[in-house]
file structure25.pdb (PDB, C-alpha atoms)
ATOM      1  CA  MET A   1      13.492 -13.614  -1.792
ATOM      2  CA  ASN A   2      15.868 -10.712  -1.340
ATOM      3  CA  LEU A   3      13.697  -7.743  -0.299
ATOM      4  CA  ILE A   4      15.806  -4.997  -1.864
ATOM      5  CA  ALA A   5      16.264  -6.934  -5.102
ATOM      6  CA  ARG A   6      12.506  -7.564  -5.271
ATOM      7  CA  VAL A   7      11.650  -3.898  -4.675
ATOM      8  CA  LYS A   8      14.147  -2.828  -7.323
ATOM      9  CA  ALA A   9      12.920  -5.427  -9.832
ATOM     10  CA  ILE A  10       9.198  -4.736  -9.370
ATOM     11  CA  MET A  11       9.741  -0.985  -9.604
ATOM     12  CA  LEU A  12      12.190  -0.914 -12.511
ATOM     13  CA  ASP A  13      11.279  -3.969 -14.593
ATOM     14  CA  PRO A  14       7.805  -5.209 -13.661
ATOM     15  CA  ASP A  15       7.270  -6.992 -16.994
ATOM     16  CA  ALA A  16      10.169  -9.302 -16.194
ATOM     17  CA  GLU A  17       9.384  -9.599 -12.468
ATOM     18  CA  TRP A  18       5.668 -10.512 -12.636
ATOM     19  CA  PRO A  19       6.324 -13.917 -14.262
ATOM     20  CA  VAL A  20       8.875 -14.651 -11.509
ATOM     21  CA  ILE A  21       6.309 -13.673  -8.865
ATOM     22  CA  ALA A  22       3.637 -15.769 -10.605
ATOM     23  CA  ARG A  23       5.713 -18.912  -9.982
ATOM     24  CA  GLU A  24       6.025 -18.210  -6.241
ATOM     25  CA  THR A  25       3.509 -19.259  -3.612
ATOM     26  CA  GLY A  26       1.006 -16.711  -2.374
ATOM     27  CA  ASP A  27       1.447 -17.587   1.289
ATOM     28  CA  VAL A  28      -0.154 -14.877   3.425
ATOM     29  CA  LYS A  29       2.252 -15.306   6.332
ATOM     30  CA  PHE A  30       5.328 -15.152   4.103
ATOM     31  CA  LEU A  31       4.159 -12.110   2.140
ATOM     32  CA  PHE A  32       3.005 -10.229   5.215
ATOM     33  CA  THR A  33       6.030 -10.934   7.421
ATOM     34  CA  ARG A  34       8.782 -10.743   4.805
ATOM     35  CA  TYR A  35       7.490  -7.941   2.622
ATOM     36  CA  VAL A  36       4.508  -5.948   3.881
ATOM     37  CA  ALA A  37       5.683  -5.775   7.508
ATOM     38  CA  ILE A  38       9.014  -4.297   6.466
ATOM     39  CA  LEU A  39       7.976  -1.918   3.688
ATOM     40  CA  ALA A  40       4.856  -0.663   5.483
ATOM     41  CA  LEU A  41       7.141   0.661   8.226
ATOM     42  CA  ILE A  42       8.509   3.283   5.813
ATOM     43  CA  PRO A  43       5.408   5.515   5.616
ATOM     44  CA  ALA A  44       4.372   4.736   9.199
ATOM     45  CA  LEU A  45       7.693   5.796  10.737
ATOM     46  CA  ALA A  46       8.364   8.607   8.265
ATOM     47  CA  GLY A  47       4.881  10.020   8.855
ATOM     48  CA  PHE A  48       5.342   9.908  12.631
ATOM     49  CA  ILE A  49       8.777  11.542  12.528
ATOM     50  CA  GLY A  50       7.647  14.165  10.011
ATOM     51  CA  ALA A  51       4.469  15.113  11.858
ATOM     52  CA  SER A  52       5.426  14.637  15.518
ATOM     53  CA  ILE A  53       9.160  15.274  15.710
ATOM     54  CA  ILE A  54      10.109  17.508  12.773
ATOM     55  CA  GLY A  55       6.760  19.256  12.453
ATOM     56  CA  VAL A  56       5.412  21.623   9.851
ATOM     57  CA  SER A  57       6.922  25.113   9.788
ATOM     58  CA  VAL A  58       4.650  28.009   8.932
ATOM     59  CA  SER A  59       5.037  31.759   9.363
ATOM     60  CA  VAL A  60       3.812  31.702  12.979
ATOM     61  CA  GLY A  61       5.924  28.750  14.113
ATOM     62  CA  THR A  62       6.259  25.011  13.895
ATOM     63  CA  PHE A  63       3.287  22.765  14.432
ATOM     64  CA  ARG A  64       3.732  19.201  15.610
ATOM     65  CA  VAL A  65       1.281  16.405  16.275
ATOM     66  CA  PRO A  66       1.619  15.552  19.995
ATOM     67  CA  LEU A  67       3.605  12.364  20.614
ATOM     68  CA  LEU A  68       0.773  10.188  21.951
ATOM     69  CA  PRO A  69      -1.660  10.886  19.083
ATOM     70  CA  GLY A  70       1.304  10.572  16.699
ATOM     71  CA  LEU A  71       2.162   7.141  18.107
ATOM     72  CA  ILE A  72      -1.482   6.079  17.942
ATOM     73  CA  ASN A  73      -1.586   7.137  14.284
ATOM     74  CA  LEU A  74       1.655   5.262  13.622
ATOM     75  CA  VAL A  75       0.320   2.023  15.108
ATOM     76  CA  LEU A  76      -3.137   2.297  13.542
ATOM     77  CA  GLY A  77      -1.768   3.284  10.139
ATOM     78  CA  TYR A  78       0.684   0.407  10.202
ATOM     79  CA  ALA A  79      -1.969  -2.116  11.264
ATOM     80  CA  PHE A  80      -4.493  -0.830   8.733
ATOM     81  CA  THR A  81      -1.925  -1.341   5.964
ATOM     82  CA  PHE A  82      -2.306  -5.090   6.411
ATOM     83  CA  VAL A  83      -6.093  -4.765   6.368
ATOM     84  CA  ILE A  84      -6.008  -2.665   3.188
ATOM     85  CA  VAL A  85      -3.701  -5.074   1.340
ATOM     86  CA  TYR A  86      -5.791  -8.079   2.347
ATOM     87  CA  ALA A  87      -9.047  -6.314   1.440
ATOM     88  CA  VAL A  88      -7.677  -5.318  -1.965
ATOM     89  CA  ALA A  89      -6.616  -8.923  -2.578
ATOM     90  CA  LEU A  90     -10.148 -10.092  -1.702
ATOM     91  CA  ILE A  91     -11.584  -7.509  -4.094
ATOM     92  CA  ILE A  92      -9.209  -8.475  -6.927
ATOM     93  CA  ASP A  93     -10.172 -12.107  -6.395
ATOM     94  CA  ALA A  94     -13.910 -11.343  -6.237
ATOM     95  CA  LEU A  95     -13.759  -9.240  -9.424
ATOM     96  CA  ALA A  96     -11.988 -11.960 -11.411
ATOM     97  CA  PRO A  97     -15.087 -13.591 -12.962
ATOM     98  CA  SER A  98     -16.334 -10.183 -14.134
ATOM     99  CA  PHE A  99     -13.162  -9.849 -16.220
ATOM    100  CA  ARG A 100     -13.168 -13.342 -17.747
ATOM    101  CA  THR A 101     -10.638 -14.892 -15.424
ATOM    102  CA  GLU A 102     -10.766 -17.491 -12.673
ATOM    103  CA  ARG A 103     -10.615 -16.641  -9.018
ATOM    104  CA  ASN A 104      -7.203 -17.246  -7.482
ATOM    105  CA  PHE A 105      -6.713 -15.676  -4.056
ATOM    106  CA  PRO A 106      -2.968 -16.429  -3.703
ATOM    107  CA  ALA A 107      -2.313 -14.691  -7.038
ATOM    108  CA  ALA A 108      -4.596 -11.791  -6.060
ATOM    109  CA  LEU A 109      -2.708 -11.423  -2.784
ATOM    110  CA  LYS A 110       0.662 -11.320  -4.548
ATOM    111  CA  LEU A 111      -0.711  -8.746  -6.971
ATOM    112  CA  ALA A 112      -2.041  -6.562  -4.158
ATOM    113  CA  VAL A 113       1.130  -6.835  -2.070
ATOM    114  CA  TYR A 114       3.583  -6.024  -4.829
ATOM    115  CA  SER A 115       1.383  -3.313  -6.374
ATOM    116  CA  PHE A 116       1.567  -1.377  -3.093
ATOM    117  CA  THR A 117       5.381  -1.266  -3.255
ATOM    118  CA  PRO A 118       5.607   2.263  -4.731
ATOM    119  CA  VAL A 119       3.123   3.565  -2.156
ATOM    120  CA  TRP A 120       5.318   2.330   0.679
ATOM    121  CA  VAL A 121       8.582   3.448  -0.912
ATOM    122  CA  ALA A 122       7.155   6.916  -1.652
ATOM    123  CA  GLY A 123       6.174   7.052   2.023
ATOM    124  CA  ILE A 124       9.722   8.159   2.781
ATOM    125  CA  PHE A 125       8.654  11.628   1.610
ATOM    126  CA  LEU A 126       6.414  11.892   4.682
ATOM    127  CA  LEU A 127       9.605  12.440   6.662
ATOM    128  CA  ILE A 128       9.943  16.014   5.422
ATOM    129  CA  PRO A 129       6.579  17.794   5.463
ATOM    130  CA  GLY A 130       7.531  20.017   2.516
ATOM    131  CA  LEU A 131       8.021  16.933   0.345
ATOM    132  CA  ARG A 132       4.762  15.160   1.230
ATOM    133  CA  PHE A 133       3.374  16.004  -2.205
ATOM    134  CA  LEU A 134       5.889  13.538  -3.694
ATOM    135  CA  THR A 135       3.895  10.658  -2.222
ATOM    136  CA  ILE A 136       1.872  10.988  -5.415
ATOM    137  CA  LEU A 137       4.633   8.880  -6.971
ATOM    138  CA  GLY A 138       2.894   5.970  -5.255
ATOM    139  CA  LEU A 139       0.356   6.092  -8.100
ATOM    140  CA  TYR A 140       2.878   4.032 -10.027
ATOM    141  CA  GLY A 141       1.228   1.150  -8.161
ATOM    142  CA  PHE A 142      -1.705   1.443 -10.573
ATOM    143  CA  TYR A 143       0.647   0.690 -13.461
ATOM    144  CA  LEU A 144       2.119  -2.233 -11.541
ATOM    145  CA  MET A 145      -1.344  -3.642 -10.905
ATOM    146  CA  TRP A 146      -2.330  -3.239 -14.536
ATOM    147  CA  THR A 147       0.817  -4.993 -15.782
ATOM    148  CA  GLY A 148       0.484  -7.737 -13.166
ATOM    149  CA  LEU A 149      -3.117  -8.720 -13.860
ATOM    150  CA  THR A 150      -2.329 -10.793 -16.949
ATOM    151  CA  PRO A 151       0.646 -12.785 -15.603
ATOM    152  CA  LEU A 152      -0.835 -13.324 -12.130
ATOM    153  CA  MET A 153      -4.599 -13.494 -12.585
ATOM    154  CA  GLY A 154      -4.659 -14.602 -16.213
ATOM    155  CA  SER A 155      -6.773 -11.603 -17.155
ATOM    156  CA  PRO A 156      -7.095 -10.995 -20.892
ATOM    157  CA  ARG A 157      -4.940  -7.976 -21.771
ATOM    158  CA  ASP A 158      -7.930  -6.084 -23.199
ATOM    159  CA  LYS A 159      -9.764  -6.425 -19.860
ATOM    160  CA  SER A 160      -6.791  -5.666 -17.588
ATOM    161  CA  PHE A 161      -6.998  -1.879 -17.700
ATOM    162  CA  PHE A 162     -10.607  -1.738 -16.489
ATOM    163  CA  TYR A 163      -9.940  -4.547 -14.019
ATOM    164  CA  ALA A 164      -7.075  -2.490 -12.576
ATOM    165  CA  ILE A 165      -9.242   0.644 -12.418
ATOM    166  CA  CYS A 166     -11.937  -1.244 -10.485
ATOM    167  CA  ALA A 167      -9.368  -2.679  -8.073
ATOM    168  CA  VAL A 168      -7.698   0.701  -7.517
ATOM    169  CA  VAL A 169     -11.029   2.460  -6.930
ATOM    170  CA  ALA A 170     -11.922  -0.249  -4.407
ATOM    171  CA  ALA A 171      -8.517   0.205  -2.736
ATOM    172  CA  ILE A 172      -9.098   3.951  -2.497
ATOM    173  CA  VAL A 173     -12.538   3.415  -0.943
ATOM    174  CA  VAL A 174     -11.137   0.941   1.617
ATOM    175  CA  THR A 175      -8.292   3.355   2.405
ATOM    176  CA  ILE A 176     -10.659   6.291   2.899
ATOM    177  CA  VAL A 177     -12.942   4.281   5.188
ATOM    178  CA  LEU A 178      -9.988   3.098   7.282
ATOM    179  CA  ALA A 179      -8.540   6.636   7.363
ATOM    180  CA  ILE A 180     -11.832   7.877   8.798
ATOM    181  CA  VAL A 181     -11.783   5.081  11.382
ATOM    182  CA  GLN A 182      -8.149   5.883  12.216
ATOM    183  CA  SER A 183      -8.880   9.587  12.541
ATOM    184  CA  THR A 184     -11.815   8.868  14.812
ATOM    185  CA  MET A 185      -9.812   6.475  16.967
ATOM    186  CA  ALA A 186      -6.831   8.829  17.230
ATOM    187  CA  SER A 187      -8.991  11.786  18.256
ATOM    188  CA  ILE A 188     -10.909  10.045  21.057
ATOM    189  CA  PRO A 189     -10.166  11.991  24.249
ATOM    190  CA  ARG A 190      -8.058  10.015  26.685
ATOM    191  CA  PRO A 191      -7.501  10.610  30.378
ATOM    192  CA  TYR A 192      -3.908  11.620  31.096
TER     193      TYR A 192
END
call {"tool": "encode", "arguments": {"input": "structure25.pdb", "output": "structure tokens"}}
result
Amino acid sequence: MNLIARVKAIMLDPDAEWPVIARETGDVKFLFTRYVAILALIPALAGFIGASIIGVSVSVGTFRVPLLPGLINLVLGYAFTFVIVYAVALIIDALAPSFRTERNFPAALKLAVYSFTPVWVAGIFLLIPGLRFLTILGLYGFYLMWTGLTPLMGSPRDKSFFYAICAVVAAIVVTIVLAIVQSTMASIPRPY
């Protein structure tokens, strides 16, 4: 798999790419090391650089997250990305019988991994604090999930929209919980 070609194909022509993905194995190690590990670096590094090095300019000056808390956030955010993707795959798989389809964890994992692509790509906007609002473009991942449910999970088309909504809501809940954990861990006072 060529990473750039896959990102381009899943973003620009998901209807043609999902059947290709459906024929591939859903190997956790392969997907995490060759796709997630690389793309998840985009928002992690861009967020660190934007918040800790560039900073946010306001009328009274520029505010920056100190380097150590910034690095802690980078590492935790990057690590939690893997947890979120895996948790979403578990949720997609667990929800399958409720939407008249069979459980298939490898397919659910592929769906979760590739549906997060726009979130990671849009993470580049974290580099410039004034453009952070453009990370909303990551919501395109909902569309990717919706279009991928039928080819990957075998979900009936009439059930796919609600299946995708349930999976996305679950992903948001997992993300919020992990963001709270990350915030708590990053703000623990440390001896210097």
call {"tool": "atom_distance", "arguments": {"input": "structure25.pdb", "atom1": "atom CA of A:Pro19", "atom2": "atom CA of A:Asn104"}}
result
15.5 Å
call {"tool": "resolve_selection", "arguments": {"input": "structure25.pdb", "expression": "the PyMOL selection byres ((chain A and resi 108-121) around 6)", "output": "PyMOL selection string"}}
result
chain A and resi 26+39-40+43+85+89+92-93+105-107+122-123+138+141+144-145
call {"tool": "atom_distance", "arguments": {"input": "structure25.pdb", "atom1": "atom CA of A:Glu24", "atom2": "atom CA of A:Ser155"}}
result
18.1 Å
call {"tool": "closest_residue", "arguments": {"input": "structure25.pdb", "among": "A:Ala171, A:Leu149, A:Ala44, A:Ala16", "to": "A:Phe99", "atoms": "all atoms listed in the file"}}
result
A:Leu149
call {"tool": "closest_residue", "arguments": {"input": "structure25.pdb", "among": "A:Ile49, A:Leu68, A:Val83, A:Ala9", "to": "A:Phe32", "atoms": "only C-alpha atoms"}}
result
A:Val83
call {"tool": "resolve_selection", "arguments": {"input": "structure25.pdb", "expression": "the PyMOL selection byres ((chain A and resi 3) around 10)", "output": "CSV table (one decimal) with C-alpha atoms, in the coordinates of the input"}}
result
chain,number,residue,atom,x,y,z
A,1,MET,CA,13.5,-13.6,-1.8
A,2,ASN,CA,15.9,-10.7,-1.3
A,4,ILE,CA,15.8,-5.0,-1.9
A,5,ALA,CA,16.3,-6.9,-5.1
A,6,ARG,CA,12.5,-7.6,-5.3
A,7,VAL,CA,11.6,-3.9,-4.7
A,8,LYS,CA,14.1,-2.8,-7.3
A,9,ALA,CA,12.9,-5.4,-9.8
A,34,ARG,CA,8.8,-10.7,4.8
A,35,TYR,CA,7.5,-7.9,2.6
A,38,ILE,CA,9.0,-4.3,6.5
A,39,LEU,CA,8.0,-1.9,3.7
call {"tool": "closest_residue", "arguments": {"input": "structure25.pdb", "among": "A:Ala96, A:Val181, A:Ile72, A:Val58", "to": "A:Tyr163", "atoms": "all atoms listed in the file"}}
result
A:Ala96
call {"tool": "closest_residue", "arguments": {"input": "structure25.pdb", "among": "A:Pro14, A:Gly77, A:Gly70, A:Pro156", "to": "A:Ala179", "atoms": "only C-alpha atoms"}}
result
A:Gly77
call {"tool": "residues_around", "arguments": {"input": "structure25.pdb", "residues": "A:Ala51", "least_positions_apart": "2", "cutoff": "6 Å", "atoms": "only C-alpha atoms", "output": "NGL selection string"}}
result
:A and (47-49 or 55 or 64-65)
call {"tool": "atom_distance", "arguments": {"input": "structure25.pdb", "atom1": "atom CA of A:Leu178", "atom2": "atom CA of A:Leu139"}}
result
18.8 Å
call {"tool": "resolve_selection", "arguments": {"input": "structure25.pdb", "expression": "the PyMOL selection byres ((chain A and resi 164) around 8)", "output": "PyMOL selection string"}}
result
chain A and resi 142+145-146+149+160-163+165-168
call {"tool": "residues_around", "arguments": {"input": "structure25.pdb", "residues": "A:Asp15", "least_positions_apart": "3", "cutoff": "10 Å", "atoms": "only C-alpha atoms", "output": "list in words"}}
result
Ala9, Ile10, Met11, Leu12, Trp18, Pro19, Val20, Leu144, Thr147, Gly148 and Pro151 of chain A
call {"tool": "axis_aligned_box", "arguments": {"input": "structure25.pdb", "around": "stretch 145-160 of chain A", "padding_each_side": "3 Å", "output": "JSON"}}
result
{"center_x": -4.5, "center_y": -8.9, "center_z": -17.1, "size_x": 16.6, "size_y": 17.4, "size_z": 18.3}
call {"tool": "decode", "arguments": {"input": "structure25.pdb", "residues": "stretch 130-172 of chain A", "atoms": "N, CA and C atoms", "output": "short mmCIF file (atom, residue, chain, number, x, y, z; two decimals), in the first residue's frame"}}
result
data_model
loop_
_atom_site.label_atom_id
_atom_site.label_comp_id
_atom_site.auth_asym_id
_atom_site.auth_seq_id
_atom_site.Cartn_x
_atom_site.Cartn_y
_atom_site.Cartn_z
N GLY A 130 -4.47 30.44 14.20
CA GLY A 130 -5.58 31.14 13.58
C GLY A 130 -6.38 30.28 12.61
N LEU A 131 -5.82 29.14 12.23
CA LEU A 131 -6.50 28.25 11.29
C LEU A 131 -7.07 26.99 11.95
N ARG A 132 -6.97 26.92 13.27
CA ARG A 132 -7.45 25.73 13.99
C ARG A 132 -8.90 25.38 13.67
N PHE A 133 -9.70 26.41 13.39
CA PHE A 133 -11.12 26.16 13.11
C PHE A 133 -11.30 25.27 11.88
N LEU A 134 -10.30 25.21 11.00
CA LEU A 134 -10.41 24.38 9.80
C LEU A 134 -10.30 22.89 10.09
N THR A 135 -9.97 22.54 11.33
CA THR A 135 -9.96 21.11 11.69
C THR A 135 -11.36 20.52 11.60
N ILE A 136 -12.35 21.37 11.51
CA ILE A 136 -13.73 20.89 11.34
C ILE A 136 -13.88 20.10 10.03
N LEU A 137 -12.97 20.29 9.11
CA LEU A 137 -12.98 19.52 7.87
C LEU A 137 -12.81 18.02 8.14
N GLY A 138 -12.31 17.68 9.31
CA GLY A 138 -12.18 16.29 9.70
C GLY A 138 -13.53 15.58 9.81
N LEU A 139 -14.61 16.34 9.88
CA LEU A 139 -15.95 15.74 9.93
C LEU A 139 -16.27 14.95 8.66
N TYR A 140 -15.49 15.14 7.64
CA TYR A 140 -15.65 14.35 6.42
C TYR A 140 -15.49 12.85 6.74
N GLY A 141 -14.83 12.55 7.84
CA GLY A 141 -14.68 11.17 8.29
C GLY A 141 -16.02 10.49 8.53
N PHE A 142 -17.03 11.26 8.94
CA PHE A 142 -18.37 10.69 9.11
C PHE A 142 -18.88 10.16 7.78
N TYR A 143 -18.71 10.96 6.72
CA TYR A 143 -19.14 10.51 5.39
C TYR A 143 -18.37 9.26 4.97
N LEU A 144 -17.08 9.25 5.24
CA LEU A 144 -16.27 8.07 4.89
C LEU A 144 -16.79 6.84 5.63
N MET A 145 -17.09 6.99 6.91
CA MET A 145 -17.59 5.85 7.67
C MET A 145 -18.92 5.37 7.09
N TRP A 146 -19.80 6.30 6.80
CA TRP A 146 -21.11 5.95 6.27
C TRP A 146 -20.97 5.19 4.95
N THR A 147 -20.11 5.69 4.05
CA THR A 147 -19.95 5.02 2.76
C THR A 147 -19.19 3.71 2.87
N GLY A 148 -18.41 3.54 3.94
CA GLY A 148 -17.63 2.32 4.10
C GLY A 148 -18.36 1.19 4.81
N LEU A 149 -19.45 1.49 5.49
CA LEU A 149 -20.15 0.46 6.25
C LEU A 149 -20.70 -0.67 5.38
N THR A 150 -21.24 -0.34 4.22
CA THR A 150 -21.79 -1.39 3.36
C THR A 150 -20.69 -2.26 2.75
N PRO A 151 -19.66 -1.69 2.12
CA PRO A 151 -18.64 -2.56 1.53
C PRO A 151 -17.79 -3.33 2.55
N LEU A 152 -17.56 -2.75 3.73
CA LEU A 152 -16.69 -3.41 4.69
C LEU A 152 -17.44 -4.29 5.69
N MET A 153 -18.52 -3.78 6.23
CA MET A 153 -19.25 -4.52 7.26
C MET A 153 -20.45 -5.27 6.70
N GLY A 154 -20.81 -5.00 5.46
CA GLY A 154 -21.97 -5.65 4.87
C GLY A 154 -23.29 -5.10 5.40
N SER A 155 -23.25 -3.91 5.93
CA SER A 155 -24.45 -3.28 6.48
C SER A 155 -25.42 -2.95 5.36
N PRO A 156 -26.71 -3.25 5.56
CA PRO A 156 -27.69 -2.82 4.55
C PRO A 156 -27.64 -1.30 4.41
N ARG A 157 -27.74 -0.80 3.20
CA ARG A 157 -27.60 0.63 2.93
C ARG A 157 -28.59 1.45 3.76
N ASP A 158 -29.80 0.94 3.95
CA ASP A 158 -30.80 1.70 4.71
C ASP A 158 -30.48 1.78 6.20
N LYS A 159 -29.60 0.93 6.68
CA LYS A 159 -29.20 0.95 8.10
C LYS A 159 -27.87 1.68 8.31
N SER A 160 -27.12 1.92 7.24
CA SER A 160 -25.77 2.46 7.36
C SER A 160 -25.70 3.85 7.97
N PHE A 161 -26.64 4.70 7.65
CA PHE A 161 -26.59 6.07 8.16
C PHE A 161 -26.68 6.08 9.69
N PHE A 162 -27.64 5.36 10.24
CA PHE A 162 -27.80 5.32 11.70
C PHE A 162 -26.66 4.55 12.37
N TYR A 163 -26.15 3.55 11.68
CA TYR A 163 -24.99 2.80 12.17
C TYR A 163 -23.81 3.76 12.28
N ALA A 164 -23.60 4.56 11.25
CA ALA A 164 -22.49 5.52 11.25
C ALA A 164 -22.67 6.56 12.35
N ILE A 165 -23.91 7.05 12.54
CA ILE A 165 -24.16 8.02 13.60
C ILE A 165 -23.80 7.43 14.96
N CYS A 166 -24.24 6.20 15.22
CA CYS A 166 -23.92 5.54 16.50
C CYS A 166 -22.42 5.40 16.68
N ALA A 167 -21.72 5.00 15.64
CA ALA A 167 -20.27 4.82 15.74
C ALA A 167 -19.56 6.16 15.96
N VAL A 168 -20.01 7.20 15.28
CA VAL A 168 -19.39 8.52 15.44
C VAL A 168 -19.65 9.08 16.83
N VAL A 169 -20.88 8.94 17.33
CA VAL A 169 -21.18 9.40 18.68
C VAL A 169 -20.30 8.67 19.69
N ALA A 170 -20.15 7.36 19.51
CA ALA A 170 -19.28 6.59 20.40
C ALA A 170 -17.83 7.07 20.31
N ALA A 171 -17.38 7.38 19.09
CA ALA A 171 -16.02 7.89 18.91
C ALA A 171 -15.84 9.23 19.61
N ILE A 172 -16.85 10.08 19.54
CA ILE A 172 -16.78 11.38 20.21
C ILE A 172 -16.71 11.20 21.72
#
